[in-house]
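> Submitted below is the structure of interest, expressed as structure tokens.
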Amino acid sequence: MPQMTRSKVSRWDQHGRGHVVRVEKSGLQRQLTCETCGWRRSAQFLPWLKAQEHLEREHQATVDPGGD
């Protein structure tokens with residue numbers, strides 16, 4: 001049985017609100033879930049890029065809280 005691993009992509013919008021997409025991995029598949037709007041998507045390739053694109057497009061969240 002594949003082990004489940006979790007990570008997240010976080011971004012802030014221009015109003016200082018935080019948005020997070022959780023990435024859960026099991027085997028080759030990854031499930032993306034937005035904590036803000038409930039959006040869900042399966043992704044085998046580039047899940048973090050797809051998470052960033054969702055945050056930018058749907059929430060205008062482009063500021064990386066860990067960035068300089």
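Every chain in the structure tokens has a letter given in the order shown (A, B, ...), and although residue numbers restart at 1 in each chain, ligands are simply numbered from 1 in the order shown.
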Fewer than 3 positions away in the same chain doesn't count, so skip those; otherwise give me all residues within 9 Å of Arg41 in chain A, counting only C-alpha atoms, as a VMD selection string.

chain A and resid 30 to 33

> Which of chain A counts as helix (DSSP H, G or I) under DSSP, as a list in words please?

Pro47, Trp48, Leu49, Lys50, Ala51, Gln52, Glu53, His54, Leu55, Glu56, Arg57, Glu58 and His59 of chain A

> Generate the output file for the selected residues, all heavy atoms, as an mmCIF file, in the first residue's frame.


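Produced file out31.cif, reproduced below:
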```
data_model
loop_
_atom_site.group_PDB
_atom_site.id
_atom_site.type_symbol
_atom_site.label_atom_id
_atom_site.label_comp_id
_atom_site.auth_asym_id
_atom_site.auth_seq_id
_atom_site.Cartn_x
_atom_site.Cartn_y
_atom_site.Cartn_z
ATOM 1 N N PRO A 47 1.918 19.014 -9.800
ATOM 2 C CA PRO A 47 0.790 19.418 -8.943
ATOM 3 C C PRO A 47 1.006 20.773 -8.286
ATOM 4 O O PRO A 47 0.054 21.530 -8.111
ATOM 5 C CB PRO A 47 0.711 18.300 -7.903
ATOM 6 C CG PRO A 47 2.097 17.761 -7.851
ATOM 7 C CD PRO A 47 2.624 17.850 -9.264
ATOM 8 N N TRP A 48 2.249 21.112 -7.928
ATOM 9 C CA TRP A 48 2.490 22.384 -7.245
ATOM 10 C C TRP A 48 2.292 23.547 -8.209
ATOM 11 O O TRP A 48 1.784 24.583 -7.827
ATOM 12 C CB TRP A 48 3.885 22.383 -6.617
ATOM 13 C CG TRP A 48 3.963 21.308 -5.583
ATOM 14 C CD1 TRP A 48 3.576 21.410 -4.273
ATOM 15 C CD2 TRP A 48 4.371 19.958 -5.771
ATOM 16 N NE1 TRP A 48 3.733 20.192 -3.631
ATOM 17 C CE2 TRP A 48 4.224 19.282 -4.534
ATOM 18 C CE3 TRP A 48 4.856 19.231 -6.845
ATOM 19 C CZ2 TRP A 48 4.544 17.949 -4.352
ATOM 20 C CZ3 TRP A 48 5.177 17.890 -6.670
ATOM 21 C CH2 TRP A 48 5.017 17.266 -5.429
ATOM 22 N N LEU A 49 2.656 23.359 -9.462
ATOM 23 C CA LEU A 49 2.424 24.395 -10.464
ATOM 24 C C LEU A 49 0.924 24.596 -10.675
ATOM 25 O O LEU A 49 0.442 25.725 -10.755
ATOM 26 C CB LEU A 49 3.098 24.036 -11.782
ATOM 27 C CG LEU A 49 2.909 25.030 -12.924
ATOM 28 C CD1 LEU A 49 3.480 26.388 -12.550
ATOM 29 C CD2 LEU A 49 3.555 24.505 -14.191
ATOM 30 N N LYS A 50 0.164 23.521 -10.733
ATOM 31 C CA LYS A 50 -1.292 23.617 -10.892
ATOM 32 C C LYS A 50 -1.924 24.290 -9.677
ATOM 33 O O LYS A 50 -2.872 25.067 -9.808
ATOM 34 C CB LYS A 50 -1.887 22.244 -11.142
ATOM 35 C CG LYS A 50 -1.479 21.717 -12.511
ATOM 36 C CD LYS A 50 -1.941 20.314 -12.755
ATOM 37 C CE LYS A 50 -1.427 19.890 -14.135
ATOM 38 N NZ LYS A 50 -1.570 18.505 -14.390
ATOM 39 N N ALA A 51 -1.387 24.027 -8.500
ATOM 40 C CA ALA A 51 -1.879 24.685 -7.283
ATOM 41 C C ALA A 51 -1.602 26.188 -7.337
ATOM 42 O O ALA A 51 -2.485 27.001 -7.033
ATOM 43 C CB ALA A 51 -1.230 24.061 -6.050
ATOM 44 N N GLN A 52 -0.386 26.575 -7.750
ATOM 45 C CA GLN A 52 -0.047 27.997 -7.877
ATOM 46 C C GLN A 52 -0.950 28.678 -8.889
ATOM 47 O O GLN A 52 -1.425 29.789 -8.649
ATOM 48 C CB GLN A 52 1.405 28.154 -8.330
ATOM 49 C CG GLN A 52 2.410 27.892 -7.253
ATOM 50 C CD GLN A 52 3.827 28.011 -7.798
ATOM 51 O OE1 GLN A 52 4.140 27.510 -8.870
ATOM 52 N NE2 GLN A 52 4.669 28.679 -7.052
ATOM 53 N N GLU A 53 -1.189 28.029 -10.027
ATOM 54 C CA GLU A 53 -2.046 28.602 -11.060
ATOM 55 C C GLU A 53 -3.464 28.827 -10.546
ATOM 56 O O GLU A 53 -4.078 29.852 -10.823
ATOM 57 C CB GLU A 53 -2.073 27.703 -12.292
ATOM 58 C CG GLU A 53 -0.772 27.705 -13.059
ATOM 59 C CD GLU A 53 -0.735 26.673 -14.165
ATOM 60 O OE1 GLU A 53 -1.640 25.798 -14.231
ATOM 61 O OE2 GLU A 53 0.206 26.726 -14.977
ATOM 62 N N HIS A 54 -3.989 27.875 -9.771
ATOM 63 C CA HIS A 54 -5.326 28.035 -9.193
ATOM 64 C C HIS A 54 -5.359 29.248 -8.264
ATOM 65 O O HIS A 54 -6.273 30.068 -8.345
ATOM 66 C CB HIS A 54 -5.753 26.780 -8.436
ATOM 67 C CG HIS A 54 -7.000 26.995 -7.631
ATOM 68 N ND1 HIS A 54 -8.247 27.019 -8.195
ATOM 69 C CD2 HIS A 54 -7.171 27.237 -6.302
ATOM 70 C CE1 HIS A 54 -9.148 27.263 -7.259
ATOM 71 N NE2 HIS A 54 -8.524 27.397 -6.095
ATOM 72 N N LEU A 55 -4.371 29.366 -7.383
ATOM 73 C CA LEU A 55 -4.340 30.479 -6.434
ATOM 74 C C LEU A 55 -4.251 31.821 -7.153
ATOM 75 O O LEU A 55 -4.916 32.781 -6.764
ATOM 76 C CB LEU A 55 -3.176 30.305 -5.458
ATOM 77 C CG LEU A 55 -3.320 29.130 -4.495
ATOM 78 C CD1 LEU A 55 -2.035 28.927 -3.701
ATOM 79 C CD2 LEU A 55 -4.506 29.312 -3.573
ATOM 80 N N GLU A 56 -3.450 31.882 -8.208
ATOM 81 C CA GLU A 56 -3.320 33.126 -8.964
ATOM 82 C C GLU A 56 -4.608 33.465 -9.704
ATOM 83 O O GLU A 56 -5.075 34.603 -9.667
ATOM 84 C CB GLU A 56 -2.176 33.010 -9.972
ATOM 85 C CG GLU A 56 -0.816 32.979 -9.325
ATOM 86 C CD GLU A 56 0.299 32.694 -10.311
ATOM 87 O OE1 GLU A 56 0.070 32.758 -11.539
ATOM 88 O OE2 GLU A 56 1.406 32.381 -9.853
ATOM 89 N N ARG A 57 -5.182 32.490 -10.391
ATOM 90 C CA ARG A 57 -6.346 32.719 -11.240
ATOM 91 C C ARG A 57 -7.614 32.978 -10.431
ATOM 92 O O ARG A 57 -8.364 33.911 -10.707
ATOM 93 C CB ARG A 57 -6.539 31.511 -12.163
ATOM 94 C CG ARG A 57 -7.628 31.660 -13.191
ATOM 95 C CD ARG A 57 -7.677 30.490 -14.177
ATOM 96 N NE ARG A 57 -7.616 29.186 -13.549
ATOM 97 C CZ ARG A 57 -6.555 28.363 -13.613
ATOM 98 N NH1 ARG A 57 -5.475 28.699 -14.263
ATOM 99 N NH2 ARG A 57 -6.591 27.193 -13.010
ATOM 100 N N GLU A 58 -7.877 32.167 -9.439
ATOM 101 C CA GLU A 58 -9.151 32.234 -8.715
ATOM 102 C C GLU A 58 -9.147 33.175 -7.515
ATOM 103 O O GLU A 58 -10.191 33.675 -7.118
ATOM 104 C CB GLU A 58 -9.572 30.834 -8.260
ATOM 105 C CG GLU A 58 -9.759 29.860 -9.394
ATOM 106 C CD GLU A 58 -10.828 30.288 -10.383
ATOM 107 O OE1 GLU A 58 -11.837 30.900 -9.972
ATOM 108 O OE2 GLU A 58 -10.647 30.029 -11.594
ATOM 109 N N HIS A 59 -7.982 33.379 -6.914
ATOM 110 C CA HIS A 59 -7.925 34.171 -5.686
ATOM 111 C C HIS A 59 -6.988 35.379 -5.791
ATOM 112 O O HIS A 59 -6.815 36.093 -4.803
ATOM 113 C CB HIS A 59 -7.494 33.284 -4.514
ATOM 114 C CG HIS A 59 -8.367 32.084 -4.328
ATOM 115 N ND1 HIS A 59 -9.701 32.174 -3.961
ATOM 116 C CD2 HIS A 59 -8.122 30.752 -4.502
ATOM 117 C CE1 HIS A 59 -10.228 30.955 -3.899
ATOM 118 N NE2 HIS A 59 -9.281 30.081 -4.228
#
```

> Interatomic distance between CA of Val21 in chain A and CA of Gln60 in chain A?

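Computing the Euclidean distance for CA of Val21 in chain A and CA of Gln60 in chain A yields 13.5 Å.
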
> Using the chain letters and numbers from this document, which residues of chain A does DSSP assign to strand (DSSP E or B), as a PyMOL selection string?

chain A and resi 4-13+18-26+29-34+40-43+61-63

> Between CA of Ala43 in chain A and CA of Val23 in chain A, measure the distance and give it in Å to one decimal.

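Separation between CA of Ala43 in chain A and CA of Val23 in chain A: 9.4 Å.
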
> So what do you get for CA of Lys25 in chain A versus CA of Val63 in chain A, distance-wise?

24.6 Å

> Which residue, A:Leu46, A:Trp39, A:Asp64, A:Met4, has the smallest gap to Ser26 in chain A when you use only C-alpha atoms?

A:Met4

> I'd like the neighbourhood of Pro65 in chain A as a count of residues only, where a residue qualifies if any of its atoms comes within 7 Å (using only C-alpha atoms), though same-chain residues fewer than 6 positions away should be ignored.

3

> So that I can check the surroundings of Arg22 in chain A, please list as a CSV table (one decimal) with N, CA and C atoms, in the first residue's frame every protein, DNA and RNA residue that reaches within 7 Å of it, counting only C-alpha atoms and ignoring chain neighbours fewer than 2 positions away.


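New file part32.csv:
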```csv
chain,number,residue,atom,x,y,z
A,7,SER,N,1.7,18.0,1.5
A,7,SER,CA,2.4,19.3,1.4
A,7,SER,C,1.4,20.3,1.1
A,8,LYS,N,1.9,21.6,0.9
A,8,LYS,CA,0.9,22.6,0.6
A,8,LYS,C,1.6,23.7,-0.2
A,9,VAL,N,0.8,24.5,-0.9
A,9,VAL,CA,1.2,25.7,-1.6
A,9,VAL,C,0.5,26.8,-1.0
A,20,VAL,N,-4.4,28.6,0.8
A,20,VAL,CA,-3.6,27.4,0.8
A,20,VAL,C,-4.3,26.3,-0.1
A,24,GLU,N,-1.9,16.2,-1.6
A,24,GLU,CA,-1.8,14.9,-0.9
A,24,GLU,C,-1.3,13.9,-2.0
A,32,LEU,N,-5.2,17.6,-5.2
A,32,LEU,CA,-5.1,19.0,-4.8
A,32,LEU,C,-6.5,19.5,-4.2
A,33,THR,N,-6.4,20.2,-3.1
A,33,THR,CA,-7.6,20.7,-2.5
A,33,THR,C,-7.4,22.1,-2.0
A,34,CYS,N,-8.2,23.1,-2.4
A,34,CYS,CA,-8.1,24.5,-2.0
A,34,CYS,C,-8.8,24.6,-0.7
```
